[in-house]
Each structure stands twice: as C-alpha cells, then as structure tokens.
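Undergrad: Just so it is clear, I am handing over target06.csv, which has CSV, C-alpha atoms.
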```csv
chain,number,residue,atom,x,y,z
A,1,MET,CA,151.3,103.8,176.6
A,2,ASN,CA,153.5,100.7,176.6
A,3,PHE,CA,155.0,99.4,179.8
A,4,GLU,CA,157.6,96.7,180.5
A,5,ASN,CA,156.4,95.6,183.9
A,6,ILE,CA,152.6,96.2,184.0
A,7,LEU,CA,149.6,95.8,181.8
A,8,VAL,CA,146.7,98.3,181.6
A,9,GLU,CA,143.3,97.3,180.2
A,10,LYS,CA,140.2,99.4,180.0
A,11,LYS,CA,136.7,97.9,180.1
A,12,LYS,CA,134.1,100.7,179.8
A,13,ALA,CA,134.3,102.7,183.0
A,14,LEU,CA,136.8,100.3,184.5
A,15,ALA,CA,140.6,100.2,184.3
A,16,VAL,CA,142.5,97.0,185.3
A,17,ILE,CA,146.2,97.5,186.2
A,18,THR,CA,148.1,94.2,186.3
A,19,ILE,CA,151.6,94.0,187.7
A,20,ASN,CA,153.3,91.7,185.2
A,21,ARG,CA,156.6,90.2,186.4
A,22,PRO,CA,155.5,86.6,186.9
A,23,LYS,CA,159.1,85.2,187.0
A,24,LYS,CA,159.8,87.5,189.9
A,25,LEU,CA,156.4,86.8,191.5
A,26,ASN,CA,155.5,90.4,190.6
A,27,ALA,CA,158.1,91.9,193.0
A,28,LEU,CA,158.2,95.6,193.1
A,29,ASN,CA,161.4,97.2,191.7
A,30,LYS,CA,162.1,100.8,191.1
A,31,ALA,CA,161.0,100.6,187.4
A,32,THR,CA,157.7,98.9,188.4
A,33,ILE,CA,156.9,101.5,191.0
A,34,GLU,CA,157.5,104.3,188.5
A,35,GLU,CA,155.4,102.6,185.9
A,36,LEU,CA,152.6,102.1,188.4
A,37,HIS,CA,152.7,105.8,189.2
A,38,THR,CA,152.4,106.7,185.6
A,39,ALA,CA,149.5,104.3,185.0
A,40,PHE,CA,147.6,105.5,188.0
A,41,LYS,CA,148.1,109.1,187.0
A,42,ASN,CA,146.9,108.3,183.4
A,43,VAL,CA,143.7,106.5,184.5
A,44,GLU,CA,143.0,109.1,187.1
A,45,GLU,CA,143.1,111.8,184.4
A,46,ASP,CA,140.9,109.7,182.0
A,47,ASN,CA,137.4,110.9,182.4
A,48,SER,CA,135.9,107.7,181.1
A,49,VAL,CA,137.4,105.6,184.0
A,50,ARG,CA,135.4,105.6,187.2
A,51,VAL,CA,137.0,102.6,189.1
A,52,ILE,CA,140.4,101.0,189.1
A,53,ILE,CA,141.3,97.3,189.8
A,54,LEU,CA,144.9,96.4,190.8
A,55,THR,CA,146.1,92.8,190.6
A,56,GLY,CA,149.1,90.7,189.8
A,57,SER,CA,149.7,88.4,186.8
A,58,GLY,CA,149.3,84.6,187.2
A,59,THR,CA,147.8,82.7,190.1
A,60,LYS,CA,150.8,82.7,192.5
A,61,ALA,CA,151.3,86.3,193.6
A,62,PHE,CA,149.7,89.7,193.8
A,63,VAL,CA,153.1,91.1,194.7
A,64,ALA,CA,155.6,88.9,196.6
A,65,GLY,CA,157.4,91.9,198.0
A,66,ALA,CA,160.1,94.4,197.1
A,67,ASP,CA,163.0,93.5,194.9
A,68,ILE,CA,165.6,93.1,197.7
A,69,SER,CA,168.5,93.0,195.3
A,70,GLU,CA,168.0,96.7,194.5
A,71,PHE,CA,168.6,98.0,198.0
A,72,SER,CA,170.6,95.3,199.9
A,73,ASN,CA,173.7,97.5,199.9
A,74,PHE,CA,171.9,100.8,200.7
A,75,GLY,CA,173.0,103.1,203.6
A,76,ILE,CA,170.9,105.2,205.9
A,77,GLN,CA,170.3,108.1,203.6
A,78,GLU,CA,169.5,105.9,200.6
A,79,GLY,CA,167.1,103.9,202.8
A,80,LEU,CA,165.3,107.1,203.8
A,81,HIS,CA,165.1,108.3,200.2
A,82,LEU,CA,163.8,104.9,199.1
A,83,ALA,CA,160.9,104.9,201.6
A,84,GLN,CA,160.1,108.6,201.1
A,85,LYS,CA,160.1,108.4,197.3
A,86,GLY,CA,158.1,105.2,197.2
A,87,GLN,CA,155.4,106.5,199.5
A,88,GLU,CA,155.2,109.8,197.6
A,89,ILE,CA,154.8,108.4,194.0
A,90,LEU,CA,152.9,105.2,194.7
A,91,PHE,CA,151.6,104.2,198.1
A,92,ASP,CA,150.3,107.5,199.5
A,93,TYR,CA,149.5,108.5,195.9
A,94,VAL,CA,147.1,105.5,195.5
A,95,ALA,CA,145.6,106.0,199.0
A,96,ASN,CA,144.7,109.6,198.1
A,97,LEU,CA,143.6,108.9,194.5
A,98,PHE,CA,140.1,110.5,194.0
A,99,LYS,CA,139.0,107.4,192.0
A,100,PRO,CA,138.4,104.2,194.0
A,101,VAL,CA,141.0,101.4,193.7
A,102,ILE,CA,140.2,97.8,194.5
A,103,ALA,CA,143.1,95.4,195.2
A,104,CYS,CA,142.6,91.9,193.9
A,105,ILE,CA,145.0,89.8,195.9
A,106,ASN,CA,145.5,86.7,193.8
A,107,GLY,CA,148.3,85.0,195.7
A,108,PHE,CA,151.2,86.2,197.9
A,109,ALA,CA,151.0,89.8,199.1
A,110,LEU,CA,154.1,90.2,201.2
A,111,GLY,CA,156.1,93.2,202.3
A,112,GLY,CA,155.7,96.0,199.8
A,113,GLY,CA,153.0,93.9,198.1
A,114,LEU,CA,150.7,93.9,201.2
A,115,GLU,CA,151.6,97.6,201.7
A,116,LEU,CA,150.4,98.3,198.2
A,117,ALA,CA,147.2,96.4,198.7
A,118,MET,CA,146.6,98.3,201.9
A,119,ALA,CA,147.1,101.6,200.1
A,120,CYS,CA,144.1,100.6,197.9
A,121,HIS,CA,140.7,101.7,199.1
A,122,PHE,CA,139.6,98.1,199.8
A,123,ARG,CA,140.8,94.6,199.2
A,124,ILE,CA,139.4,91.2,198.0
A,125,ALA,CA,141.4,88.0,198.0
A,126,SER,CA,141.5,84.5,196.4
A,127,GLU,CA,141.4,81.5,198.6
A,128,ASN,CA,145.1,80.8,198.0
A,129,ALA,CA,146.3,84.2,199.0
A,130,LYS,CA,148.8,84.6,201.8
A,131,MET,CA,149.6,88.0,203.4
A,132,GLY,CA,152.3,89.3,205.7
A,133,LEU,CA,155.0,91.9,206.5
A,134,PRO,CA,158.2,89.9,206.9
A,135,GLU,CA,160.6,92.8,206.9
A,136,VAL,CA,161.9,92.3,210.5
A,137,SER,CA,163.3,88.9,209.3
A,138,LEU,CA,165.6,91.0,207.0
A,139,GLY,CA,166.7,93.4,209.8
A,140,VAL,CA,164.4,96.3,208.6
A,141,ILE,CA,160.8,97.4,209.2
A,142,PRO,CA,158.0,98.1,206.6
A,143,GLY,CA,158.8,101.3,204.9
A,144,TYR,CA,155.9,101.9,202.6
A,145,GLY,CA,153.2,102.7,205.2
A,146,GLY,CA,152.9,99.2,206.6
A,147,THR,CA,153.3,100.2,210.3
A,148,GLN,CA,150.6,102.8,209.9
A,149,ARG,CA,148.0,101.2,207.6
A,150,LEU,CA,148.0,97.7,209.1
A,151,PRO,CA,147.0,98.8,212.6
A,152,GLN,CA,144.3,100.9,211.1
A,153,LEU,CA,142.8,97.9,209.4
A,154,VAL,CA,143.4,95.0,211.8
A,155,GLY,CA,144.0,96.8,215.2
A,156,LYS,CA,147.2,97.5,217.0
A,157,GLY,CA,147.6,94.1,218.7
A,158,LYS,CA,147.2,92.0,215.6
A,159,ALA,CA,149.5,94.4,213.6
A,160,MET,CA,152.2,94.1,216.3
A,161,GLU,CA,151.9,90.3,216.2
A,162,MET,CA,152.1,90.2,212.4
A,163,ILE,CA,155.0,92.6,212.1
A,164,MET,CA,157.0,91.2,215.0
A,165,THR,CA,156.6,87.5,214.0
A,166,ALA,CA,157.0,88.2,210.3
A,167,ALA,CA,154.4,85.5,209.8
A,168,MET,CA,152.0,85.1,206.9
A,169,ILE,CA,148.3,84.8,207.4
A,170,SER,CA,145.8,83.0,205.2
A,171,ALA,CA,143.1,84.7,203.2
A,172,GLU,CA,140.4,83.6,205.7
A,173,ASP,CA,142.4,84.9,208.6
A,174,ALA,CA,142.8,88.2,206.7
A,175,LYS,CA,139.0,88.3,206.3
A,176,VAL,CA,138.4,87.6,210.0
A,177,ASN,CA,140.8,90.4,210.9
A,178,GLN,CA,139.1,92.8,208.3
A,179,LEU,CA,142.2,93.1,206.2
A,180,VAL,CA,140.2,91.9,203.2
A,181,ASN,CA,136.4,92.2,202.5
A,182,TYR,CA,135.8,89.0,200.6
A,183,VAL,CA,137.6,85.7,199.9
A,184,VAL,CA,136.6,83.7,196.8
A,185,PRO,CA,138.0,81.0,194.6
A,186,GLN,CA,140.8,82.2,192.2
A,187,GLU,CA,138.5,82.1,189.1
A,188,GLU,CA,135.9,84.2,190.8
A,189,LEU,CA,138.2,87.0,192.0
A,190,LEU,CA,138.3,89.3,189.0
A,191,PRO,CA,134.6,88.8,188.2
A,192,LEU,CA,133.7,89.8,191.8
A,193,ALA,CA,136.0,92.9,191.5
A,194,GLU,CA,134.3,93.8,188.3
A,195,LYS,CA,130.8,93.3,189.8
A,196,LEU,CA,131.8,95.6,192.8
A,197,ALA,CA,133.4,98.1,190.4
A,198,SER,CA,130.2,98.2,188.3
A,199,ARG,CA,128.1,99.0,191.4
A,200,ILE,CA,130.5,101.8,192.3
A,201,ALA,CA,130.5,103.2,188.8
A,202,ASN,CA,126.7,103.6,188.9
A,203,ASN,CA,127.1,106.1,191.7
A,204,SER,CA,128.2,109.7,191.7
A,205,SER,CA,131.9,109.9,191.0
A,206,THR,CA,132.1,113.4,192.7
A,207,ALA,CA,130.4,112.1,195.8
A,208,ILE,CA,132.7,109.0,195.9
A,209,SER,CA,135.8,111.3,195.6
A,210,ALA,CA,134.4,113.4,198.5
A,211,ALA,CA,133.8,110.3,200.6
A,212,ILE,CA,137.4,109.1,200.0
A,213,ARG,CA,138.8,112.4,201.2
A,214,ALA,CA,136.5,112.5,204.2
A,215,ILE,CA,137.3,108.9,205.2
A,216,ASN,CA,141.1,109.4,204.7
A,217,ALA,CA,140.9,112.6,206.9
A,218,ASN,CA,140.0,110.4,209.9
A,219,TYR,CA,143.5,108.9,209.8
A,220,GLU,CA,145.5,112.2,209.4
A,221,LYS,CA,147.1,113.6,212.5
A,222,GLU,CA,145.9,117.0,213.6
A,223,VAL,CA,143.0,116.9,211.2
A,224,ASN,CA,139.4,116.8,212.4
A,225,GLY,CA,137.7,114.3,210.1
A,226,PHE,CA,134.2,115.5,211.2
A,227,ASN,CA,135.0,119.0,210.0
A,228,ILE,CA,136.3,117.6,206.7
A,229,GLU,CA,133.1,115.6,206.3
A,230,ILE,CA,131.0,118.7,206.9
A,231,GLN,CA,133.0,120.6,204.3
A,232,GLU,CA,132.8,117.8,201.7
A,233,PHE,CA,129.1,117.3,202.4
A,234,GLY,CA,128.3,121.0,201.9
A,235,GLU,CA,130.3,121.1,198.6
A,236,CYS,CA,128.3,118.2,197.2
A,237,PHE,CA,125.3,120.5,197.1
A,238,GLY,CA,127.0,122.6,194.4
A,239,THR,CA,127.6,119.7,192.0
A,240,LYS,CA,125.7,118.5,189.0
A,241,ASP,CA,125.6,115.0,190.5
A,242,PHE,CA,123.6,116.3,193.5
A,243,ILE,CA,121.0,117.9,191.3
A,244,GLU,CA,120.7,114.8,189.1
A,245,GLY,CA,120.7,112.4,192.1
A,246,THR,CA,118.0,114.2,194.0
A,247,THR,CA,115.9,115.0,190.9
A,248,ALA,CA,116.0,111.3,189.9
A,249,PHE,CA,115.0,110.2,193.4
A,250,LEU,CA,112.0,112.6,193.4
A,251,GLU,CA,111.1,111.5,189.9
A,252,LYS,CA,111.3,107.8,190.9
A,253,ARG,CA,114.0,107.0,188.2
A,254,LYS,CA,117.6,105.9,188.2
A,255,PRO,CA,120.1,108.7,188.2
A,256,ASN,CA,122.3,109.3,185.1
A,257,PHE,CA,125.6,110.5,186.4
A,258,ASP,CA,128.0,111.7,183.7
```
Could the structure of this file be written out as structure tokens, please?

TA:
Amino acid sequence: MNFENILVEKKKALAVITINRPKKLNALNKATIEELHTAFKNVEEDNSVRVIILTGSGTKAFVAGADISEFSNFGIQEGLHLAQKGQEILFDYVANLFKPVIACINGFALGGGLELAMACHFRIASENAKMGLPEVSLGVIPGYGGTQRLPQLVGKGKAMEMIMTAAMISAEDAKVNQLVNYVVPQEELLPLAEKLASRIANNSSTAISAAIRAINANYEKEVNGFNIEIQEFGECFGTKDFIEGTTAFLEKRKPNFD
C-alpha cells in the first residue's frame, strides 16, 4: 500500500515503519496518524511479521510533535475528540498491539512524538535525541497518554518536573530515568533495533503476545495483573509453541516456532 507520510519496509520477520515528513520534522498531523494506524493494522495482520520498528526519517527528528496548525483554533469539544480519536486509533492501539513495537528515537521526540514513543513496547535512542512534553508552554497538557505513560516509566516526581517545566532531556538523561533502554550513535541505532528484533523473533510469538497483555494489565485500573498473568500462563499450555518449546528443550535443540 502506498502512503504519503510514512514508509513501510519488510525485512524477513521485521517491519520498519518510518514517519516520513522531514521538512516538518516528522510532525504528526491527522493524515499521518491515520496512515500509521493503517500501517500498524496491516503489519499486525501479516503473519510473516513478528516484530515492528518505528522511527523517523532523517537524523534530526523521530517526531517533533503534533502539527499545531491543525488544532490551534479548536474548541473544547473538538479538543476532546482530537485526543480521544488519536488515542483510540494510534497511541492505545500501538500499546496494545499483540506484536512487539520498538521505538527508534533518532532525534527530537517532543509532545505527541514522545507520547508515540512511549506507546511502543520499549525505546532505544541515538545520542543526539532530545525528549520532552512541552504542551504546557502552549496552554494545554499532553493529550495522547503522556500524563499516564510518562509517570509509569520515569516515576511521578520526574514526570511532574518534565511536564510542568516543559523542558527537554537528553538521551543519556532519558536512559538514566529509564525512559529509553539504550543510547547509541546515530549510525548504530537501526542496527541495534534490528539485532534486538531478531532476538525477539526467535522466540514464541504467542508467548510474547501473552506477555504483552499480562504486562499491560498491571497498568489498567481495576484489573488484577496477577490474575491476568495466571490466565495467560495457563493458556500458553494449549499452544503449539509450548509443545515445540518444551520438546526442543528436552531434546537439547533450538525450537522452531512457526
């Protein structure tokens, strides 16, 4: 499928989705959000894809934020719909995808860009990356999950500081605060992501999906994550991957997961 604002490349069991608006520093507009939803839906339904990498084009920005010109004249109801629709079709959608998504933060990840990175299952960054949620400097707050996911990752106090000061932090500070897992030179970013993706792809896709659901359950209100883990654990015993994985272990060979 052809897109105007994103690129999708498949490499064996890996799909790389690149936000491709370099002149706008890959800012998220309505069309890009809708294209990303379609791309994620397509690769999730593609049985040959086991892992997804999300990045931005160029070396300056992952996503430098939302396209402010699209909503600067919105009223209350339009603002509510903007956040609700965006979370539904992209941010929450990515967070609950049953295939793992790695965010490659290759530059600025600000506002909606950082929120999109945080919706991914984990993040790695290039040394030049800068991250932040500057929304309060515009008279608004993060609306795509930022006030919820940032405290989960960096803790309440650091999240309060970042959101209230609207300040950017460096890639190294992001790593110290557990916002990203690795920081590497720009030229090593995608190779590292592909290396991690390859390791993931060698494991059971059904078990990984179960793990995503169990981990996410820990952050859902009025949901007992331990009970979800027990349920998901038990259901793994009824899968082909469980039979193959345990048989391979007992036969002292590598498993061959379909």

Undergrad: Between CA of Gln84 in chain A and CA of Ala117 in chain A, measure the distance and give it in Å to one decimal.

TA: 17.9 Å

Undergrad: To one decimal place in Å, what is the distance between CA of His37 in chain A and CA of Leu90 in chain A?

TA: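 CA of His37 in chain A sits 5.5 Å away from CA of Leu90 in chain A.
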
Undergrad: For CA of Glu194 in chain A and CA of Ser126 in chain A, determine how far apart the two atoms are, in Å to one decimal place.

TA: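 For CA of Glu194 in chain A relative to CA of Ser126 in chain A, the distance reads 14.3 Å.
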
Undergrad: With a cut-off of 12 Å, could you pull out the residues of range 113-135 of chain A touching range 210-226 of chain A and give me the nearest pair of atoms for each, distance in Å to one decimal, using all atoms listed in the file, ordered by chain and ascending number, as JSON lines?

TA:
```
{"residue": "A:Ala119", "atom": "CA", "partner": "A:Asn216", "partner_atom": "CA", "distance": 10.9}
{"residue": "A:Cys120", "atom": "CA", "partner": "A:Ile212", "partner_atom": "CA", "distance": 11.0}
{"residue": "A:His121", "atom": "CA", "partner": "A:Ile212", "partner_atom": "CA", "distance": 8.2}
{"residue": "A:Phe122", "atom": "CA", "partner": "A:Ile212", "partner_atom": "CA", "distance": 11.2}
```

Undergrad: Could you please take those selected residues and save C-alpha atoms as a PDB file, in the frame of the given file?

TA:
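The result, stored in selection_31.pdb:
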```pdb
ATOM      1  CA  ALA A 119     147.100 101.600 200.100  1.00  0.00           C
ATOM      2  CA  CYS A 120     144.100 100.600 197.900  1.00  0.00           C
ATOM      3  CA  HIS A 121     140.700 101.700 199.100  1.00  0.00           C
ATOM      4  CA  PHE A 122     139.600  98.100 199.800  1.00  0.00           C
TER       5      PHE A 122
END
```

Undergrad: Could you produce a table of the residues of range 86-114 of chain A lying within 10 Å of range 148-169 of chain A, with the nearest pair of atoms per residue and their separation in Å rounded to one decimal, using all atoms listed in the file, ordered by chain and increasing residue number, as CSV?

TA:
```
residue,atom,partner,partner_atom,distance
A:Phe108,CA,A:Met168,CA,9.1
A:Ala109,CA,A:Met168,CA,9.2
A:Leu110,CA,A:Met168,CA,7.9
A:Gly111,CA,A:Ala166,CA,9.5
A:Leu114,CA,A:Leu150,CA,9.2
```

Undergrad: Give me, as number ranges by chain, all polymer residues having an atom no more than 12 Å from Val43 in chain A, counting only C-alpha atoms and skipping those fewer than 2 positions away in the same chain.

TA: A: 1, 8-11, 13-17, 36-41, 45-54, 94, 97-101

Undergrad: From the set A:Gly245, A:Gly139, A:Pro191, A:Gly58, which residue has the shortest atom-to-atom contact distance to Ile124 in chain A, counting only C-alpha atoms?

TA: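 The closest residue to Ile124 in chain A is A:Pro191.
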
Undergrad: Considering all atoms listed in the file, return as a VMD selection string whatever protein or nucleic-acid residues lie within 10 Å of Asp241 in chain A, sequence-local ones (same chain, fewer than 3 positions apart) excluded.

TA: chain A and resid 203 to 207 236 to 238 244 to 247 255 to 258

Undergrad: Pick from A:Asn202, A:Thr18, A:Gln77, A:Ser137: nearest to Val63 in chain A, with all atoms listed in the file counted?

TA: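 For Val63 in chain A, the nearest of the given residues is A:Thr18.
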
Undergrad: Residues within 10 Å of Ala83 in chain A, please, as a list in words. Count only C-alpha atoms; anything in the same chain fewer than 4 positions from it doesn't count.

TA: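 Here the answer would be Glu78, Gly79, Gln87, Glu88, Phe91, Pro142, Gly143, Tyr144 and Gly145 of chain A.
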
Undergrad: Keeping C-alpha atoms, export the residues of the selection given above as a PDB file, keeping the file's coordinate frame.

TA:
```
ATOM      1  CA  GLU A  78     169.500 105.900 200.600  1.00  0.00           C
ATOM      2  CA  GLY A  79     167.100 103.900 202.800  1.00  0.00           C
ATOM      3  CA  GLN A  87     155.400 106.500 199.500  1.00  0.00           C
ATOM      4  CA  GLU A  88     155.200 109.800 197.600  1.00  0.00           C
ATOM      5  CA  PHE A  91     151.600 104.200 198.100  1.00  0.00           C
ATOM      6  CA  PRO A 142     158.000  98.100 206.600  1.00  0.00           C
ATOM      7  CA  GLY A 143     158.800 101.300 204.900  1.00  0.00           C
ATOM      8  CA  TYR A 144     155.900 101.900 202.600  1.00  0.00           C
ATOM      9  CA  GLY A 145     153.200 102.700 205.200  1.00  0.00           C
TER      10      GLY A 145
END
```

Undergrad: Looking at A:Ala27, A:Ile19, A:Val140, A:Leu7, which one is nearest to Ser72 in chain A, with distances taken over all atoms listed in the file?

TA: A:Val140

Undergrad: Which residue, A:Ala129, A:Ile89, A:Ile228, A:Leu28, has the smallest gap to Gly112 in chain A when you use only C-alpha atoms?

TA: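 Nearest to Gly112 in chain A: A:Leu28.
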
Undergrad: Calculated over all atoms listed in the file, which of the candidates A:Asn73, A:Asn29, A:Asn42, A:Asn128 has the smallest distance to Lys60 in chain A?

TA: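 Closest to Lys60 in chain A of all the choices is A:Asn128.
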
Undergrad: Between A:Leu196, A:Ala125, A:Ile33, A:Cys104, which has the minimum distance to Leu82 in chain A (counting only C-alpha atoms)?

TA: A:Ile33

Undergrad: For the point (139.1, 82.7, 197.7) in the file's frame, write as a list in words all residues with an atom no more than 9 Å away, counting all atoms listed in the file.

TA: Asn106, Ile124, Ala125, Ser126, Glu127, Asn128, Ala129, Ala171, Glu172, Tyr182, Val183, Val184, Pro185, Gln186, Glu187, Glu188 and Leu189 of chain A
